[in-house]
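Next up, input_16.cif (mmCIF, C-alpha atoms):
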data_my_file
loop_
_atom_site.label_atom_id
_atom_site.label_comp_id
_atom_site.auth_asym_id
_atom_site.auth_seq_id
_atom_site.Cartn_x
_atom_site.Cartn_y
_atom_site.Cartn_z
CA MET N 1 72.91 73.53 -23.46
CA LYS N 2 69.72 74.74 -21.77
CA ALA N 3 69.32 74.37 -18.01
CA ARG N 4 67.44 71.38 -16.71
CA CYS N 5 65.48 70.86 -13.52
CA ILE N 6 67.41 69.12 -10.76
CA PRO N 7 65.81 65.74 -9.94
CA LEU N 8 64.78 65.32 -6.32
CA PHE N 9 67.05 62.31 -5.78
CA LEU N 10 70.02 64.42 -6.86
CA LEU N 11 69.11 67.16 -4.41
CA ALA N 12 69.00 64.56 -1.66
CA ALA N 13 72.34 63.11 -2.69
CA LEU N 14 73.87 66.59 -2.66
CA ALA N 15 72.40 67.48 0.71
CA PHE N 16 73.81 64.41 2.44
CA ALA N 17 77.09 64.10 0.50
CA PRO N 18 80.10 63.99 2.83
CA ARG N 19 82.43 66.95 2.76
CA CYS N 20 85.99 66.25 1.75
CA GLY N 21 88.59 67.43 4.26
CA LEU N 22 91.55 67.33 1.90
CA GLY N 23 93.55 70.45 1.13
CA ALA N 24 92.50 72.49 -1.87
CA ASP N 25 95.87 71.97 -3.50
CA ASP N 26 95.47 68.19 -3.28
CA VAL N 27 91.97 67.85 -4.74
CA VAL N 28 91.43 68.35 -8.48
CA ALA N 29 87.75 67.34 -8.52
CA THR N 30 84.98 66.23 -6.20
CA VAL N 31 82.34 63.78 -7.41
CA LEU N 32 79.36 62.86 -5.22
CA GLY N 33 81.16 64.31 -2.23
CA LYS N 34 84.37 62.34 -2.70
CA GLY N 35 87.56 64.13 -3.61
CA ILE N 36 89.91 63.01 -6.37
CA GLN N 37 93.47 63.85 -5.41
CA ARG N 38 96.12 65.03 -7.77
CA ASP N 39 98.38 62.11 -6.92
CA GLN N 40 95.70 59.75 -8.27
CA LEU N 41 96.54 61.14 -11.70
CA THR N 42 100.27 60.53 -11.40
CA GLY N 43 102.03 57.60 -12.94
CA MET N 44 100.79 58.56 -16.40
CA GLU N 45 103.23 58.44 -19.29
CA SER N 46 102.83 62.19 -19.67
CA GLU N 47 100.76 65.07 -18.37
CA ALA N 48 98.64 64.77 -21.51
CA ASP N 49 97.20 61.52 -20.14
CA GLN N 50 95.85 63.12 -16.96
CA PRO N 51 92.49 64.28 -18.37
CA GLY N 52 91.74 60.73 -19.50
CA ARG N 53 92.65 59.34 -16.09
CA LEU N 54 90.51 61.99 -14.39
CA TYR N 55 87.61 61.14 -16.68
CA ASP N 56 87.93 57.44 -15.81
CA LEU N 57 87.78 58.18 -12.08
CA VAL N 58 84.86 60.60 -12.42
CA TRP N 59 82.93 58.35 -14.77
CA ARG N 60 83.31 55.32 -12.52
CA ALA N 61 81.56 57.16 -9.69
CA VAL N 62 78.91 58.75 -11.91
CA THR N 63 78.09 55.41 -13.54
CA GLY N 64 77.32 53.65 -10.28
CA HIS N 65 75.21 56.56 -9.08
CA TYR N 66 73.26 56.91 -12.33
CA ILE N 67 72.57 53.19 -12.64
CA GLU N 68 71.33 52.99 -9.07
CA HIS N 69 69.04 56.01 -9.26
CA HIS N 70 67.59 55.22 -12.67
CA GLY N 71 66.85 51.55 -12.11
CA LEU N 72 69.38 50.31 -14.64
CA ALA N 73 70.94 47.55 -12.55
CA ALA N 74 71.19 44.19 -14.31
CA THR N 75 68.38 41.82 -13.40
CA ALA N 76 68.70 38.08 -12.83
CA GLY N 77 66.78 37.50 -16.06
CA GLU N 78 69.12 39.71 -18.07
CA VAL N 79 72.17 37.99 -16.61
CA ALA N 80 70.69 34.58 -17.49
CA GLU N 81 69.94 35.79 -21.04
CA LEU N 82 73.50 36.96 -21.64
CA ALA N 83 74.93 33.81 -20.04
CA ALA N 84 72.80 31.66 -22.36
CA TYR N 85 73.96 33.67 -25.38
CA ASP N 86 77.59 33.37 -24.33
CA ARG N 87 77.28 29.63 -23.86
CA GLU N 88 75.58 29.17 -27.24
CA PHE N 89 78.21 31.37 -28.89
CA GLU N 90 80.98 29.19 -27.44
CA ARG N 91 79.19 26.00 -28.49
CA ARG N 92 78.84 27.20 -32.06
CA ASP N 93 82.38 28.53 -32.06
CA ARG N 94 83.73 25.09 -31.19
CA MET N 95 81.66 23.51 -33.94
CA GLN N 96 82.76 26.08 -36.50
CA ARG N 97 86.42 25.67 -35.59
CA ALA N 98 86.10 21.91 -35.95
CA ARG N 99 84.52 22.30 -39.40
CA LYS N 100 87.15 24.81 -40.46
CA LEU N 101 89.94 22.51 -39.30
CA GLU N 102 88.51 19.67 -41.37
CA GLU N 103 88.26 21.99 -44.38
CA LEU N 104 91.88 23.10 -43.98
CA ASP N 105 93.06 19.49 -43.84
CA GLN N 106 91.26 18.81 -47.12
CA ARG N 107 92.64 21.92 -48.84
CA LEU N 108 96.20 21.18 -47.73
CA ALA N 109 95.91 17.59 -48.89
CA ALA N 110 94.80 18.67 -52.39
CA GLY N 111 98.32 19.76 -53.33
CA ASP N 112 97.25 22.56 -55.71
CA LEU N 113 98.40 25.47 -53.55
CA ASP N 114 101.26 27.87 -54.12
CA GLU N 115 103.84 28.30 -51.35
CA ASN N 116 102.28 31.44 -49.85
CA GLN N 117 98.81 29.85 -49.69
CA ARG N 118 100.18 26.69 -48.14
CA GLN N 119 102.16 28.59 -45.52
CA TRP N 120 99.13 30.69 -44.51
CA LEU N 121 96.81 27.67 -44.32
CA GLU N 122 99.31 25.66 -42.30
CA GLU N 123 99.66 28.49 -39.79
CA PHE N 124 95.88 28.79 -39.57
CA ARG N 125 95.55 25.02 -39.08
CA SER N 126 98.18 25.11 -36.35
CA VAL N 127 96.20 27.72 -34.43
CA LEU N 128 92.94 25.78 -34.74
CA THR N 129 94.65 22.55 -33.74
CA ARG N 130 95.94 24.14 -30.54
CA MET N 131 92.48 25.49 -29.76
CA ALA N 132 90.92 22.08 -30.39
CA GLY N 133 93.44 20.59 -27.96
CA ARG N 134 92.44 23.06 -25.28
CA ASP N 135 88.76 22.28 -25.91
CA ALA N 136 89.45 18.58 -25.46
CA GLU N 137 91.34 19.19 -22.22
CA SER N 138 88.62 21.41 -20.75
CA GLY N 139 85.84 19.01 -21.70
CA PRO N 140 82.17 20.07 -21.92
CA LEU N 141 81.36 23.72 -21.51
CA PRO N 142 81.12 24.51 -17.78
CA VAL N 143 78.00 26.05 -16.31
CA ALA N 144 78.90 29.01 -14.08
CA ASP N 145 77.04 29.45 -10.80
CA PRO N 146 74.57 32.39 -10.68
CA GLU N 147 76.81 34.50 -8.44
CA ARG N 148 79.75 34.12 -10.81
CA GLN N 149 77.51 34.84 -13.81
CA ALA N 150 76.29 38.07 -12.23
CA GLU N 151 79.89 39.12 -11.55
CA LEU N 152 80.87 38.46 -15.15
CA TYR N 153 77.87 39.78 -17.03
CA ALA N 154 76.24 42.52 -14.94
CA PRO N 155 78.82 45.21 -15.85
CA TRP N 156 78.30 44.55 -19.58
CA ILE N 157 74.52 44.67 -19.26
CA GLU N 158 74.56 47.86 -17.21
CA MET N 159 76.99 49.55 -19.60
CA TRP N 160 74.70 48.88 -22.56
CA LYS N 161 71.57 49.92 -20.66
CA MET N 162 73.16 53.14 -19.48
CA ASN N 163 74.62 54.00 -22.88
CA ARG N 164 71.23 53.55 -24.51
CA ALA N 165 69.46 55.58 -21.81
CA LEU N 166 71.96 58.41 -22.12
CA TYR N 167 71.68 58.55 -25.89
CA GLU N 168 67.89 58.57 -25.75
CA ARG N 169 68.05 61.52 -23.34
CA TYR N 170 70.90 63.61 -24.73
CA ARG N 171 71.65 62.35 -28.27
CA GLY N 172 75.00 63.76 -29.45
CA VAL N 173 77.98 62.20 -31.23
CA VAL N 174 78.25 58.40 -31.12
CA ALA N 175 81.63 56.76 -31.66
CA LEU N 176 82.06 53.25 -33.00
CA THR N 177 84.35 51.10 -30.84
CA ARG N 178 85.18 47.41 -30.69
CA PHE N 179 82.77 47.17 -27.76
CA GLY N 180 79.91 48.72 -29.70
CA PRO N 181 78.46 52.24 -30.01
CA TYR N 182 79.82 54.75 -27.49
CA PRO N 183 77.59 57.79 -26.76
CA ARG N 184 80.43 60.25 -26.37
CA GLY N 185 78.34 63.38 -26.71
CA ALA N 186 75.71 62.11 -24.28
CA ARG N 187 78.33 61.20 -21.67
CA ALA N 188 79.77 64.71 -21.83
CA ALA N 189 76.26 66.17 -21.47
CA LEU N 190 75.61 64.04 -18.39
CA LEU N 191 78.82 65.25 -16.74
CA GLU N 192 77.78 68.83 -17.49
CA ASP N 193 74.46 68.16 -15.76
CA TYR N 194 76.17 66.61 -12.74
CA GLU N 195 78.37 69.67 -12.58
CA ARG N 196 75.35 71.97 -12.89
CA TRP N 197 73.58 70.10 -10.09
CA GLY N 198 76.60 70.41 -7.83
CA LEU N 199 77.34 66.69 -7.76
CA LEU N 200 80.57 67.19 -9.71
CA ARG N 201 82.99 70.02 -8.96
CA PHE N 202 86.38 70.73 -10.49
CA SER N 203 89.00 72.48 -8.36
CA ASP N 204 91.49 72.51 -11.22
CA THR N 205 89.76 74.44 -13.99
CA GLY N 206 92.55 73.72 -16.42
CA LEU N 207 92.07 69.97 -16.03
CA ARG N 208 88.33 70.43 -16.40
CA GLU N 209 88.78 72.22 -19.72
CA ARG N 210 91.14 69.53 -20.97
CA LEU N 211 88.76 66.75 -19.88
CA PHE N 212 85.81 68.25 -21.77
CA ALA N 213 88.03 69.02 -24.75
CA LEU N 214 88.94 65.33 -24.80
CA LEU N 215 85.26 64.39 -24.85
CA ALA N 216 84.49 66.99 -27.51
CA ALA N 217 87.20 65.76 -29.88
CA ARG N 218 85.74 64.05 -32.92
CA PRO N 219 86.18 60.24 -32.77
CA SER N 220 88.07 58.52 -35.55
CA MET N 221 84.94 56.47 -36.34
CA VAL N 222 81.54 58.13 -35.98
CA VAL N 223 78.18 56.40 -36.30
CA ALA N 224 75.75 58.32 -38.49
CA PRO N 225 72.57 59.29 -36.60
CA ALA N 226 70.46 57.12 -38.91
CA ASP N 227 72.64 54.11 -38.10
CA VAL N 228 72.79 54.45 -34.31
CA ASP N 229 71.56 51.23 -32.73
CA PHE N 230 72.09 50.38 -29.07
CA THR N 231 70.67 46.88 -29.36
CA PRO N 232 73.17 44.78 -27.35
CA PHE N 233 75.04 42.04 -29.16
CA TRP N 234 73.40 39.25 -27.17
CA LYS N 235 69.99 40.26 -28.53
CA ARG N 236 71.21 39.84 -32.10
CA LEU N 237 71.57 36.69 -34.15
CA ILE N 238 74.89 34.88 -33.85
CA PRO N 239 76.69 35.13 -37.22
CA PRO N 240 76.81 31.83 -39.13
CA SER N 241 80.60 31.88 -39.38
CA TYR N 242 83.52 33.79 -37.89
CA PHE N 243 86.22 32.42 -40.16
CA PRO N 244 87.40 33.53 -43.59
CA ASP N 245 87.04 31.21 -46.56
#

What is this file in structure tokens?
Amino acid sequence: MKARCIPLFLLAALAFAPRCGLGADDVVATVLGKGIQRDQLTGMESEADQPGRLYDLVWRAVTGHYIEHHGLAATAGEVAELAAYDREFERRDRMQRARKLEELDQRLAAGDLDENQRQWLEEFRSVLTRMAGRDAESGPLPVADPERQAELYAPWIEMWKMNRALYERYRGVVALTRFGPYPRGARAALLEDYERWGLLRFSDTGLRERLFALLAARPSMVVAPADVDFTPFWKRLIPPSYFPD
């Protein structure tokens, strides 16, 4: 990857970053002036899990720094937008579950089902009945206070904003996860830049190689470049139904 100019804000962050006083044997990496100790990677099921744990610790620090210095923090308007989507999703979900429960009652009353169909529908009805009971107990959908909404929704908003910004800058492989597209290649490229700028340093070169090998591994599900879309779910239409026929 070709060298890039170091942004001024990163030079400033490097100049004023605190120096870690921990022993060299104890520190496996230093990110934004803060050392990550080897014992922070212990407790894993095996040594093979350590690169993933190290990545999580490094990425947590890099994320906060990148969001702050690139103006990607969630705004009050964005939080309110996601909260409104979430509330409407829940409202429709309750309505759809009620309609599905009524439909299941009708199908089970028809008496033209084989034993396997009946058993599956009865189990499905049992689940929806329990959910309807919880809805009745909780009453109308509560409205969270703004502070609580920001706590709940800001991390999601900032994750999507940062993922999109990174992909637009670096491109690279995008994995498909249950949380949406994951710019795996772009995240690795950002860490390489932080390392190049001196904001990320690895004392354990073996762990560094294993961390980047983990990021370079091909995901089980890859999004084709033509299909990459970082439009967040709350800016899309809510599907008309979540339940099978």

Worksheet item: Written as a PyMOL selection string, what is the full residue list that the PyMOL selection byres ((chain N and resi 81-95) around 8) yields on the file shown?
Response: chain N and resi 77-80+96-99+132+135+141+149+153+234+238+242

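CA of Glu151 in chain N sits 25.1 Å away from CA of Val31 in chain N.
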
Fill in: Separation of CA of Ala165 in chain N from CA of Gln50 in chain N, in Å and rounded to one decimal
27.9 Å

Fill in: Best match for closeness to Arg60 in chain N among N:Ser46, N:Leu32, N:Ala216, N:Asp193, counting only C-alpha atoms
N:Leu32

Practice prompt. Could you check how far CA of Ala61 in chain N sits from CA of Glu47 in chain N, in Å to one decimal?
Written response: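 These atoms are spaced 22.5 Å apart.
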
Practice prompt. Determine, counting all atoms listed in the file, which protein, DNA and RNA residues have an atom within 8 Å of an atom of Asp229 in chain N; residues of the same chain fewer than 2 positions away are not included. Present the result as a list in words.
Written response: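 Listing them by chain and then by number gives Pro181, Asp227 and Thr231 of chain N.
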
Worksheet entry | Top pick for closest residue to Pro219 in chain N, considering N:Arg187, N:Ala150, N:Gly206, N:Val174 and counting all atoms listed in the file |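 Residue with the minimum atom-to-atom distance to Pro219 in chain N: N:Val174.
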
Worksheet item: Taking (71.3, 57.1, -38.0) in the file's coordinates as the center, which residues reach within 12 Å of it, counting only C-alpha atoms, put as a VMD selection string?
Response: chain N and resid 171 to 174 181 222 to 230

Worksheet entry | Residues selected by the PyMOL selection byres ((chain N and resi 212) around 12), written as a ChimeraX atom specification | /N:51-52,54-55,184-185,187-192,195,202,205-211,213-218

Discussion item. Which residues are close to Met221 in chain N, i.e. within 8 Å by all atoms listed in the file, leaving aside same-chain residues fewer than 3 positions away? Reply as a list in words.
Written reply: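 Residues near the query, excluding close chain neighbours: Ala175, Leu176 and Thr177 of chain N.
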